[in-house]
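**Student:** Input file: protein_24.cif. Contents: mmCIF, C-alpha atoms and all ligand atoms.
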```cif
data_input
#
loop_
_atom_site.label_atom_id
_atom_site.label_comp_id
_atom_site.auth_asym_id
_atom_site.auth_seq_id
_atom_site.Cartn_x
_atom_site.Cartn_y
_atom_site.Cartn_z
CA MET A 152 116.07 -19.55 96.06
CA THR A 153 113.98 -17.25 98.21
CA VAL A 154 110.41 -16.36 97.37
CA ALA A 155 108.37 -13.87 99.38
CA VAL A 156 105.47 -16.05 100.45
CA PRO A 157 104.14 -16.96 103.87
CA ALA A 158 105.07 -20.18 105.61
CA HIS A 159 102.41 -22.85 105.22
CA ALA A 160 101.64 -25.62 107.63
CA PRO A 161 103.04 -28.81 106.05
CA SER A 162 99.67 -30.59 106.06
CA SER A 163 97.97 -27.90 103.98
CA LEU A 164 100.96 -27.74 101.67
CA ILE A 165 100.89 -31.49 101.14
CA ALA A 166 97.18 -31.32 100.38
CA ARG A 167 97.82 -28.53 97.90
CA TYR A 168 100.67 -30.48 96.32
CA ARG A 169 98.48 -33.55 95.85
CA ALA A 170 95.65 -31.50 94.37
CA VAL A 171 97.84 -29.72 91.82
CA ARG A 172 99.65 -32.89 90.76
CA ALA A 173 96.33 -34.72 90.43
CA ALA A 174 94.96 -31.90 88.28
CA SER A 175 97.77 -32.45 85.76
CA MET A 176 96.98 -36.14 85.62
CA ALA A 177 93.29 -35.38 85.13
CA LEU A 178 94.14 -33.19 82.12
CA ALA A 179 96.11 -36.05 80.58
CA ALA A 180 93.44 -38.66 81.36
CA PRO A 181 91.46 -38.29 78.09
CA LEU A 182 94.63 -38.75 76.02
CA THR A 183 96.34 -41.82 74.58
CA ALA A 184 100.08 -42.38 74.84
CA GLU A 185 100.35 -41.41 71.16
CA ASP A 186 98.51 -38.13 71.83
CA CYS A 187 100.91 -37.41 74.69
CA ALA A 188 104.03 -37.82 72.52
CA VAL A 189 103.19 -35.47 69.66
CA GLN A 190 104.62 -31.95 69.19
CA SER A 191 102.82 -29.95 66.51
CA MET A 192 105.18 -26.94 66.29
CA PRO A 193 108.30 -25.57 68.03
CA ASP A 194 106.21 -23.38 70.39
CA THR A 195 104.27 -26.33 71.77
CA SER A 196 105.45 -29.32 73.79
CA PRO A 197 104.18 -32.88 74.06
CA VAL A 198 101.87 -33.52 77.03
CA LYS A 199 104.30 -36.21 78.13
CA TRP A 200 107.05 -33.60 78.21
CA HIS A 201 104.92 -31.26 80.37
CA LEU A 202 104.23 -34.10 82.81
CA ALA A 203 107.93 -34.92 83.04
CA HIS A 204 109.30 -31.36 83.05
CA THR A 205 107.13 -30.25 85.98
CA SER A 206 108.47 -33.24 87.92
CA TRP A 207 112.02 -32.37 86.88
CA PHE A 208 111.48 -28.89 88.33
CA PHE A 209 110.59 -30.29 91.77
CA GLU A 210 113.47 -32.75 91.54
CA THR A 211 116.06 -30.15 90.51
CA ALA A 212 114.96 -27.16 92.60
CA MET A 213 114.02 -29.06 95.76
CA LEU A 214 114.77 -32.76 96.01
CA ALA A 215 118.37 -32.48 94.81
CA GLN A 216 119.12 -30.57 98.04
CA ARG A 217 118.52 -33.74 100.01
CA LYS A 218 121.41 -36.15 100.48
CA ASP A 219 119.10 -39.16 100.66
CA TYR A 220 117.27 -38.42 97.40
CA ARG A 221 117.89 -40.85 94.54
CA VAL A 222 117.57 -39.24 91.11
CA PHE A 223 115.04 -41.28 89.11
CA ASP A 224 117.07 -41.32 85.88
CA PRO A 225 120.14 -39.11 85.34
CA ALA A 226 119.32 -38.88 81.61
CA PHE A 227 116.06 -37.06 82.33
CA ALA A 228 117.86 -33.82 83.22
CA TYR A 229 118.92 -33.47 79.58
CA LEU A 230 115.49 -34.39 78.24
CA PHE A 231 113.26 -32.37 80.57
CA ASN A 232 115.20 -29.20 81.44
CA SER A 233 113.32 -26.47 79.58
CA TYR A 234 115.58 -23.42 79.48
CA TYR A 235 117.65 -23.35 82.68
CA GLU A 236 121.27 -22.67 81.71
CA SER A 237 122.36 -23.15 85.32
CA ALA A 238 120.98 -26.71 85.25
CA GLY A 239 123.14 -27.72 82.31
CA PRO A 240 122.67 -28.63 78.62
CA ARG A 241 119.28 -29.70 77.31
CA HIS A 242 117.48 -31.22 74.36
CA PRO A 243 116.46 -28.62 71.71
CA ARG A 244 112.92 -27.42 72.25
CA PRO A 245 111.70 -27.91 68.65
CA ARG A 246 112.63 -31.61 68.86
CA ARG A 247 110.75 -32.58 72.00
CA GLY A 248 108.30 -34.57 69.90
CA LEU A 249 111.08 -36.95 68.88
CA ILE A 250 111.47 -38.29 72.41
CA THR A 251 109.32 -41.41 71.98
CA ARG A 252 111.36 -43.04 74.74
CA PRO A 253 110.99 -42.84 77.70
CA GLY A 254 107.38 -43.79 77.06
CA LEU A 255 104.39 -42.40 78.90
CA ASP A 256 104.50 -45.24 81.45
CA ALA A 257 108.07 -44.34 82.39
CA VAL A 258 107.14 -40.68 82.76
CA LEU A 259 104.22 -41.61 85.02
CA ALA A 260 106.62 -43.72 87.11
CA TYR A 261 108.90 -40.68 87.28
CA ARG A 262 106.01 -38.59 88.59
CA ALA A 263 105.21 -41.19 91.24
CA HIS A 264 108.87 -41.31 92.30
CA VAL A 265 109.02 -37.50 92.64
CA ASP A 266 105.66 -37.42 94.43
CA ALA A 267 106.81 -39.90 97.07
CA ALA A 268 109.97 -37.91 97.71
CA MET A 269 108.09 -34.60 97.76
CA GLU A 270 105.73 -35.90 100.45
CA ASP A 271 108.79 -36.42 102.67
CA PHE A 272 110.26 -33.08 101.64
CA LEU A 273 107.04 -31.22 102.43
CA ALA A 274 106.53 -32.95 105.76
CA GLN A 275 109.87 -31.55 106.92
CA ALA A 276 109.89 -28.29 104.95
CA ASP A 277 110.93 -25.07 106.63
CA ALA A 278 109.45 -21.75 105.48
CA ALA A 279 111.98 -21.30 102.67
CA GLN A 280 111.42 -24.83 101.37
CA GLY A 281 107.67 -24.34 101.61
CA ALA A 282 108.07 -21.25 99.46
CA GLN A 283 110.06 -23.24 96.90
CA ALA A 284 107.32 -25.84 96.80
CA LEU A 285 104.68 -23.16 96.22
CA LEU A 286 106.66 -21.88 93.26
CA GLY A 287 106.85 -25.44 91.93
CA LEU A 288 103.06 -25.72 92.19
CA GLN A 289 102.48 -22.36 90.48
CA HIS A 290 104.88 -23.54 87.78
CA GLU A 291 102.94 -26.77 87.33
CA GLU A 292 99.69 -24.79 87.03
CA GLN A 293 101.21 -22.75 84.22
CA HIS A 294 102.05 -25.99 82.44
CA GLN A 295 98.48 -27.22 82.98
CA GLU A 296 97.27 -24.37 80.78
CA LEU A 297 99.96 -25.25 78.24
CA ILE A 298 98.82 -28.89 78.22
CA LEU A 299 95.44 -27.65 76.98
CA THR A 300 96.72 -25.10 74.48
CA ASP A 301 99.30 -27.51 73.11
CA ILE A 302 97.00 -30.53 72.70
CA LYS A 303 94.42 -28.25 71.08
CA HIS A 304 96.99 -27.24 68.48
CA ALA A 305 98.09 -30.85 67.98
CA PHE A 306 94.50 -32.00 67.44
CA PHE A 307 93.89 -29.10 65.05
CA CYS A 308 96.81 -30.40 62.96
CA ASN A 309 95.12 -33.83 62.77
CA PRO A 310 92.88 -34.01 59.66
CA LEU A 311 90.24 -35.81 61.74
CA LEU A 312 89.99 -32.78 64.09
CA PRO A 313 89.40 -34.94 67.17
CA ALA A 314 87.68 -33.58 70.27
CA TYR A 315 89.67 -33.53 73.51
CA ARG A 316 86.51 -33.52 75.61
CA THR A 317 82.79 -32.93 75.44
CA GLU A 318 81.94 -29.25 75.70
CA ALA A 319 78.45 -27.83 75.99
CA GLN A 320 77.65 -25.57 73.02
CA THR A 321 75.12 -23.39 74.82
CA PRO A 322 74.39 -20.24 72.79
CA ARG A 323 75.40 -17.10 74.63
CA THR A 324 73.29 -14.02 75.01
CA ALA A 325 74.57 -10.65 73.85
CA VAL A 326 76.22 -8.54 76.54
CA PRO A 327 76.14 -4.84 75.63
CA LEU A 328 79.56 -3.23 75.58
CA ALA A 329 79.88 -0.41 78.11
CA TRP A 330 82.80 1.94 78.68
CA ARG A 331 84.29 2.27 82.15
CA ALA A 332 85.84 5.68 82.77
CA HIS A 333 88.99 6.02 84.84
CA PRO A 334 90.18 9.46 85.97
CA GLY A 335 93.87 8.62 85.60
CA GLY A 336 96.42 10.10 87.95
CA ILE A 337 99.15 8.45 89.95
CA VAL A 338 98.08 4.87 90.68
CA PRO A 339 99.80 1.93 92.37
CA VAL A 340 100.48 -1.19 90.29
CA GLY A 341 102.13 -4.50 91.03
CA HIS A 342 101.72 -7.19 93.61
CA ALA A 343 100.66 -6.24 97.14
CA GLY A 344 100.19 -8.45 100.16
CA LYS A 345 101.75 -11.69 101.32
CA ASP A 346 100.20 -14.25 99.00
CA PHE A 347 102.26 -15.84 96.25
CA ALA A 348 103.23 -13.75 93.25
CA PHE A 349 105.89 -14.17 90.58
CA ASP A 350 108.95 -11.93 90.67
CA ASN A 351 107.81 -10.09 87.53
CA GLU A 352 104.83 -8.58 89.45
CA SER A 353 107.12 -6.67 91.84
CA PRO A 354 108.07 -4.22 93.15
CA ARG A 355 104.74 -2.51 93.57
CA HIS A 356 105.24 1.01 92.31
CA GLN A 357 103.39 4.07 91.06
CA VAL A 358 102.63 4.97 87.46
CA LEU A 359 101.05 8.04 85.92
CA LEU A 360 97.92 7.44 83.81
CA ARG A 361 96.02 9.89 81.65
CA PRO A 362 92.22 9.72 81.93
CA PHE A 363 90.94 6.83 79.83
CA ARG A 364 87.98 4.58 79.17
CA ILE A 365 88.17 0.83 78.95
CA ALA A 366 85.65 -1.64 77.54
CA SER A 367 83.56 -3.57 80.05
CA ARG A 368 84.09 -6.86 78.22
CA ALA A 369 86.29 -8.47 75.60
CA VAL A 370 85.64 -8.17 71.85
CA SER A 371 83.21 -10.85 70.67
CA ASN A 372 83.40 -13.25 67.72
CA GLY A 373 80.59 -11.33 66.06
CA GLU A 374 82.40 -8.01 66.37
CA TYR A 375 85.60 -9.57 65.07
CA ALA A 376 83.68 -11.06 62.12
CA ASP A 377 82.65 -7.50 61.19
CA PHE A 378 86.35 -6.56 61.04
CA ILE A 379 87.02 -9.52 58.72
CA ALA A 380 84.01 -8.69 56.54
CA ASP A 381 85.23 -5.10 56.23
CA GLY A 382 88.51 -6.33 54.74
CA GLY A 383 90.43 -6.19 58.00
CA TYR A 384 93.01 -8.72 56.86
CA ARG A 385 93.43 -7.07 53.43
CA ARG A 386 93.85 -3.43 54.48
CA ALA A 387 97.40 -2.57 55.50
CA GLU A 388 96.34 0.73 57.09
CA PHE A 389 95.23 -1.06 60.27
CA TRP A 390 98.39 -3.09 60.77
CA LEU A 391 101.75 -2.68 62.41
CA SER A 392 104.47 -3.36 59.87
CA ASP A 393 105.61 -6.61 61.47
CA GLY A 394 101.99 -7.72 61.73
CA TRP A 395 101.24 -6.97 58.09
CA ALA A 396 104.31 -8.98 57.12
CA ARG A 397 102.93 -11.95 59.10
CA VAL A 398 99.55 -11.63 57.40
CA GLN A 399 101.32 -11.94 54.04
CA GLU A 400 103.76 -14.67 55.00
CA GLU A 401 101.28 -16.92 56.74
CA GLY A 402 98.11 -16.08 54.83
CA TRP A 403 96.17 -15.03 57.94
CA ASP A 404 92.54 -14.23 57.19
CA SER A 405 90.86 -15.08 60.52
CA PRO A 406 91.76 -16.20 64.07
CA LEU A 407 93.84 -19.35 64.34
CA TYR A 408 91.08 -21.92 64.77
CA TRP A 409 88.44 -20.50 62.41
CA LEU A 410 87.62 -22.62 59.38
CA ARG A 411 85.20 -22.32 56.51
CA ASP A 412 83.18 -25.18 55.05
CA ASP A 413 82.91 -25.61 51.29
CA ASP A 414 79.48 -23.95 51.45
CA GLY A 415 80.97 -20.92 53.25
CA THR A 416 79.72 -21.80 56.74
CA SER A 417 82.10 -20.58 59.46
CA ARG A 418 83.41 -23.18 61.86
CA VAL A 419 85.64 -22.95 64.88
CA PHE A 420 87.81 -25.70 66.30
CA THR A 421 87.56 -26.02 70.08
CA LEU A 422 88.64 -28.56 72.68
CA GLY A 423 85.15 -29.96 72.15
CA GLY A 424 85.81 -30.47 68.43
CA LEU A 425 84.42 -28.54 65.49
CA GLY A 426 81.59 -26.10 66.23
CA ILE A 427 79.95 -22.91 65.05
CA PRO A 428 81.55 -19.69 66.36
CA ASP A 429 79.22 -18.15 68.94
CA PRO A 430 78.87 -14.48 67.94
CA HIS A 431 78.50 -13.45 71.59
CA ALA A 432 81.53 -15.36 72.95
CA PRO A 433 84.89 -13.57 73.19
CA VAL A 434 87.09 -13.88 70.12
CA SER A 435 90.08 -16.05 70.99
CA HIS A 436 93.37 -17.23 69.46
CA VAL A 437 94.32 -13.89 67.94
CA SER A 438 97.86 -12.52 68.01
CA PHE A 439 98.87 -9.15 69.39
CA PHE A 440 99.14 -8.00 65.78
CA GLU A 441 95.51 -8.92 65.11
CA ALA A 442 94.38 -7.36 68.39
CA ALA A 443 96.14 -4.10 67.50
CA ALA A 444 94.74 -4.14 63.95
CA TYR A 445 91.22 -4.73 65.23
CA ALA A 446 91.58 -1.83 67.66
CA ALA A 447 92.81 0.46 64.87
CA TRP A 448 89.88 -0.59 62.67
CA ALA A 449 87.48 0.11 65.55
CA GLY A 450 88.97 3.57 66.09
CA LYS A 451 90.18 2.56 69.54
CA ARG A 452 93.39 1.22 71.02
CA LEU A 453 94.56 -1.54 73.34
CA PRO A 454 94.93 -0.66 77.05
CA THR A 455 98.35 -0.52 78.61
CA GLU A 456 98.92 -3.17 81.24
CA PHE A 457 98.76 -0.46 83.91
CA GLU A 458 95.41 0.88 82.67
CA TRP A 459 94.13 -2.70 82.68
CA GLU A 460 95.31 -3.28 86.25
CA ALA A 461 93.99 0.05 87.54
CA ALA A 462 90.54 -0.68 86.05
CA SER A 463 90.49 -4.43 86.68
CA ALA A 464 88.00 -4.36 89.55
CA ASP A 465 85.37 -2.97 87.13
CA LEU A 466 85.97 -5.46 84.32
CA ALA A 467 84.48 -8.81 83.39
CA HIS A 468 87.37 -11.09 82.56
CA GLY A 469 88.67 -14.60 82.86
CA GLU A 470 87.65 -16.17 79.52
CA VAL A 471 90.59 -15.05 77.39
CA TRP A 472 93.96 -13.52 78.10
CA GLU A 473 93.86 -9.93 76.92
CA TRP A 474 96.70 -8.45 74.91
CA THR A 475 97.91 -5.10 76.24
CA ARG A 476 99.90 -2.39 74.47
CA SER A 477 102.72 -2.89 77.01
CA ALA A 478 106.05 -4.52 76.27
CA TYR A 479 107.12 -7.11 78.81
CA ASP A 480 109.70 -5.10 80.74
CA PRO A 481 111.02 -5.28 84.31
CA TYR A 482 109.36 -3.02 86.86
CA PRO A 483 111.64 -0.33 88.39
CA GLY A 484 113.73 -2.06 91.03
CA TYR A 485 112.92 -5.55 89.70
CA LYS A 486 114.85 -8.37 91.36
CA PRO A 487 114.62 -11.90 90.01
CA PHE A 488 114.04 -14.87 92.30
CA ALA A 489 117.28 -16.39 93.58
CA GLY A 490 118.85 -19.69 92.53
CA LEU A 491 117.45 -21.81 89.70
CA ALA A 492 114.33 -19.63 89.57
CA SER A 493 116.42 -16.56 88.71
CA GLU A 494 115.94 -17.75 85.11
CA TYR A 495 112.17 -18.06 85.49
CA ASN A 496 111.03 -14.66 84.16
CA GLY A 497 113.69 -11.99 83.92
CA LYS A 498 115.64 -13.32 80.96
CA PHE A 499 112.51 -13.26 78.77
CA MET A 500 111.99 -9.54 79.19
CA VAL A 501 112.58 -8.53 75.59
CA GLY A 502 110.49 -8.77 72.42
CA GLN A 503 107.28 -9.92 74.10
CA MET A 504 103.96 -8.27 74.98
CA VAL A 505 102.07 -8.48 78.28
CA LEU A 506 98.67 -10.15 78.50
CA ARG A 507 96.41 -9.67 81.50
CA GLY A 508 93.44 -11.49 82.95
CA GLY A 509 93.28 -15.23 82.54
CA SER A 510 91.52 -17.73 80.29
CA ALA A 511 89.09 -20.60 80.47
CA ALA A 512 92.19 -22.85 80.38
CA THR A 513 93.85 -21.14 83.36
CA PRO A 514 93.59 -23.24 86.53
CA PRO A 515 91.07 -21.67 88.96
CA GLY A 516 92.75 -19.32 91.41
CA HIS A 517 96.02 -19.21 89.48
CA ALA A 518 95.91 -15.66 88.11
CA ARG A 519 95.27 -12.33 89.86
CA PRO A 520 94.97 -8.66 88.80
CA SER A 521 98.75 -8.08 89.01
CA TYR A 522 99.55 -11.26 87.04
CA ARG A 523 101.67 -10.65 83.94
CA ASN A 524 101.44 -13.24 81.19
CA PHE A 525 103.65 -12.67 78.16
CA PHE A 526 104.02 -13.98 74.63
CA PRO A 527 105.66 -12.85 71.39
CA PRO A 528 103.37 -10.59 69.34
CA ALA A 529 102.70 -13.20 66.65
CA ALA A 530 101.65 -15.98 69.08
CA ARG A 531 98.12 -17.24 68.44
CA TRP A 532 97.85 -20.66 70.04
CA GLN A 533 97.07 -19.33 73.51
CA PHE A 534 93.49 -18.42 74.47
CA SER A 535 94.24 -14.76 73.74
CA GLY A 536 91.68 -12.08 72.98
CA ILE A 537 91.07 -8.35 72.79
CA ARG A 538 89.86 -5.63 75.13
CA LEU A 539 89.58 -2.09 73.80
CA ALA A 540 90.45 1.21 75.44
CA GLU A 541 90.30 4.83 74.39
CA ASP A 542 91.61 8.21 75.47
CA VAL A 543 89.21 10.64 77.09
FE FE B 1 108.49 -24.82 82.91
#
```
Before anything else, please render the file you have as structure tokens.

**Tutor:**
Amino acid sequence: MTVAVPAHAPSSLIARYRAVRAASMALAAPLTAEDCAVQSMPDTSPVKWHLAHTSWFFETAMLAQRKDYRVFDPAFAYLFNSYYESAGPRHPRPRRGLITRPGLDAVLAYRAHVDAAMEDFLAQADAAQGAQALLGLQHEEQHQELILTDIKHAFFCNPLLPAYRTEAQTPRTAVPLAWRAHPGGIVPVGHAGKDFAFDNESPRHQVLLRPFRIASRAVSNGEYADFIADGGYRRAEFWLSDGWARVQEEGWDSPLYWLRDDDGTSRVFTLGGLGIPDPHAPVSHVSFFEAAAYAAWAGKRLPTEFEWEAASADLAHGEVWEWTRSAYDPYPGYKPFAGLASEYNGKFMVGQMVLRGGSAATPPGHARPSYRNFFPPAARWQFSGIRLAEDV
């Protein structure tokens, strides 16, 4: 595969490799082997699977090129291939939680085996191989966020509602919502420069925007609670048809992790366990359907991904991914990565919506203003929130 990134000196690449791989292990450190094996729904994966799959990616996309590489276990290709048709058949995604063997110890040995071979690979890597390794590291960082979102969902499904970690519950102060005006016009969007970007962020191209205003911050829990109190989940007039159907089918009446005590007190489940929703923190774990309904209730709309990108320098973001009103489509002239990575993004460009920004669970430095995250409109288990926009 070829990826348009600069060549890196092997020593800095090896340091980066070690840091990213260690960060995955640090995320798994608070968990037991039983925690790491569980899969709470078809959208999520066991932590053990994430740890193995990211290693499989390095093994399949990079190490397999080398004649002297010994595959750790030939059976792992079936177990830990996610969706790569070109890499052969694979275990069905909804049944990843049934793979109790290999155990966590075997998966950690697999990681160590891949790490040793990758150190050799990186020490001798040419520019193209260095670029492949960077993609593997970006891929692993994406799975680091999924480790957090997936274990959060698994723990939420446990009646004991365990805490993944200790989190400070410092009350937030109110941040007034301001509106940032943008004059519109023909603006450039997409990735620029020589640093790493995924194929879906290119080519950089021009789009035409009408004048608009965009909110300076994301919608807060307190503002979202007003929508609920005003019958937001019971009034079809705010909802897209598919969204309203979901509300009925799944009984939605609040964001995913909101609970109510017997005495009516609102609670929210976090990675730090059960807490009280902070009215001044961004609302999180809402679907695109809920984001669009909230915007309709508020008399506003969601920004397009291009409005978001054009205004991004003026926005406070980074706590929640922000749903946009843009379908996840290829940019004009889009070319997928070559080789195995040709299946990375392009084949998912139907039926999903773009989210921009980044969340508290996104590894530091991973996202950028041109970064395009994407999920189906009903997805709620990501740290996904709402930013409003309006026409001028
Ligand atoms: Fe993956």

**Student:** List all protein, DNA and RNA residues that have at least one atom no more than 9 Å from any atom of ligand FE 1 (chain B), counting only C-alpha atoms and all ligand atoms, and write them as a list in words.

**Tutor:** His201, His204, Thr205, Phe208, Asn232, Ser233, Tyr234, His290, Glu291, Gln293, His294 and Tyr495 of chain A

**Student:** Can you pull out the residues contacting Gly248 in chain A? Cut-off 7 Å, using all atoms listed in the file, and skip same-chain residues under 2 positions away; I want them as a list in words.

**Tutor:**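 Final neighbour list, sorted by chain and number: Ala188, Val189, Gln190, Pro197, Arg246 and Ile250 of chain A.
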
**Student:** Work out how far CA of Ser435 in chain A is from CA of Glu458 in chain A, in Å to one decimal.

**Tutor:** 21.2 Å

**Student:** Could you jot down the CA of Val265 in chain A to CA of Lys345 in chain A separation for me, Å, one decimal place?

**Tutor:**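 That distance, rounded to one decimal, is 28.2 Å.
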
**Student:** Take CA of Gly536 in chain A and CA of Arg331 in chain A and report the distance between them in Å, one decimal.

**Tutor:** 18.6 Å

**Student:** At most 8 Å is the cut-off: for each residue in range 307-331 of chain A with any atom that close to an atom of range 364-370 of chain A, write down the nearest atom pair and the distance in Å rounded to one decimal, counting all atoms listed in the file, chain first then increasing number, as a tab-separated table.

**Tutor:**
```
residue	atom	partner	partner_atom	distance
A:Leu328	CA	A:Ser367	CA	6.0
A:Ala329	CA	A:Ser367	CA	5.2
A:Trp330	CA	A:Ala366	CA	4.7
A:Arg331	CA	A:Ile365	CA	5.2
```

**Student:** Between range 153-229 of chain A and range 269-289 of chain A, at 12 Å or less, what are the per-residue closest atom pairs and their distances in Å? Count only C-alpha atoms, order by chain and rising residue number, and return it as CSV.

**Tutor:**
```
residue,atom,partner,partner_atom,distance
A:Thr153,CA,A:Ala279,CA,6.3
A:Val154,CA,A:Ala282,CA,5.8
A:Ala155,CA,A:Ala282,CA,7.4
A:Val156,CA,A:Ala282,CA,5.9
A:Pro157,CA,A:Ala282,CA,7.3
A:Ala158,CA,A:Ala278,CA,4.7
A:His159,CA,A:Gly281,CA,6.6
A:Ala160,CA,A:Gly281,CA,8.6
A:Pro161,CA,A:Ala274,CA,5.4
A:Ser162,CA,A:Ala274,CA,7.3
A:Ser163,CA,A:Leu273,CA,9.8
A:Leu164,CA,A:Leu273,CA,7.0
A:Ile165,CA,A:Leu273,CA,6.3
A:Ala166,CA,A:Glu270,CA,9.7
A:Arg167,CA,A:Leu288,CA,8.2
A:Tyr168,CA,A:Leu288,CA,6.7
A:Arg169,CA,A:Glu270,CA,8.9
A:Ala170,CA,A:Leu288,CA,9.6
A:Val171,CA,A:Leu288,CA,6.6
A:Arg172,CA,A:Leu288,CA,8.1
A:Ala173,CA,A:Leu288,CA,11.4
A:Ala174,CA,A:Leu288,CA,10.9
A:Ser175,CA,A:Leu288,CA,10.7
A:His204,CA,A:Gly287,CA,11.0
A:Thr205,CA,A:Gly287,CA,7.7
A:Ser206,CA,A:Gly287,CA,8.9
A:Trp207,CA,A:Gly287,CA,10.0
A:Phe208,CA,A:Gly287,CA,6.8
A:Phe209,CA,A:Gly287,CA,6.1
A:Glu210,CA,A:Met269,CA,8.4
A:Thr211,CA,A:Gly287,CA,10.4
A:Ala212,CA,A:Gln283,CA,7.6
A:Met213,CA,A:Gln283,CA,7.1
A:Leu214,CA,A:Met269,CA,7.1
A:Ala215,CA,A:Phe272,CA,10.6
A:Gln216,CA,A:Phe272,CA,9.9
A:Arg217,CA,A:Phe272,CA,8.4
A:Lys218,CA,A:Phe272,CA,11.6
A:Asp219,CA,A:Phe272,CA,10.8
A:Tyr220,CA,A:Phe272,CA,9.8
```

**Student:** Within 10 Å of range 399-406 of chain A, counting all atoms listed in the file, which residues show up once you throw out same-chain ones fewer than 3 positions away? Write them as a list in words, please.

**Tutor:**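 Contacts, with the query itself left out: Asn372, Tyr375, Ala376, Phe378, Ile379, Gly382, Gly383, Tyr384, Arg385, Gly394, Trp395, Ala396, Trp409, Leu410, Val419, Val434, Ser435, His436, Val437, Ser438, Glu441, Arg531, Trp532 and Gly536 of chain A.
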
**Student:** For a quick check of your reading of the model, name the residues lying within 6 Å of the coordinate (94.8, -11.5, 78.5), counting all atoms listed in the file, and write them as a PDB file with C-alpha atoms, in the coordinates of the input.

**Tutor:**
```pdb
ATOM      1  CA  VAL A 471      90.590 -15.050  77.390  1.00  0.00           C
ATOM      2  CA  TRP A 472      93.960 -13.520  78.100  1.00  0.00           C
ATOM      3  CA  GLU A 473      93.860  -9.930  76.920  1.00  0.00           C
ATOM      4  CA  TRP A 474      96.700  -8.450  74.910  1.00  0.00           C
ATOM      5  CA  LEU A 506      98.670 -10.150  78.500  1.00  0.00           C
ATOM      6  CA  ARG A 507      96.410  -9.670  81.500  1.00  0.00           C
ATOM      7  CA  GLY A 508      93.440 -11.490  82.950  1.00  0.00           C
ATOM      8  CA  GLY A 509      93.280 -15.230  82.540  1.00  0.00           C
ATOM      9  CA  SER A 535      94.240 -14.760  73.740  1.00  0.00           C
TER      10      SER A 535
END
```

**Student:** List every protein, DNA or RNA residue with an atom no more than 12 Å from (96.4, 6.9, 81.6) in the file's coordinates, counting all atoms listed in the file, and format the result as JSON, numbers by chain.

**Tutor:** {"A": [332, 333, 334, 335, 336, 337, 338, 358, 359, 360, 361, 362, 363, 364, 365, 453, 454, 455, 456, 457, 458, 459, 460, 461, 462, 540, 541, 542, 543]}

**Student:** Just the residues within 9 Å of Glu388 in chain A, please, counting all atoms listed in the file, with nothing from its chain fewer than 4 positions along; format it as a list in words.

**Tutor:**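 Those residues are Ala444, Ala447 and Trp448 of chain A.
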
**Student:** Closest to Phe499 in chain A among A:Phe306, A:Phe389, A:Phe223, A:Tyr235, using only C-alpha atoms?

**Tutor:**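 Among the listed residues, the smallest separation from Phe499 in chain A belongs to A:Tyr235.
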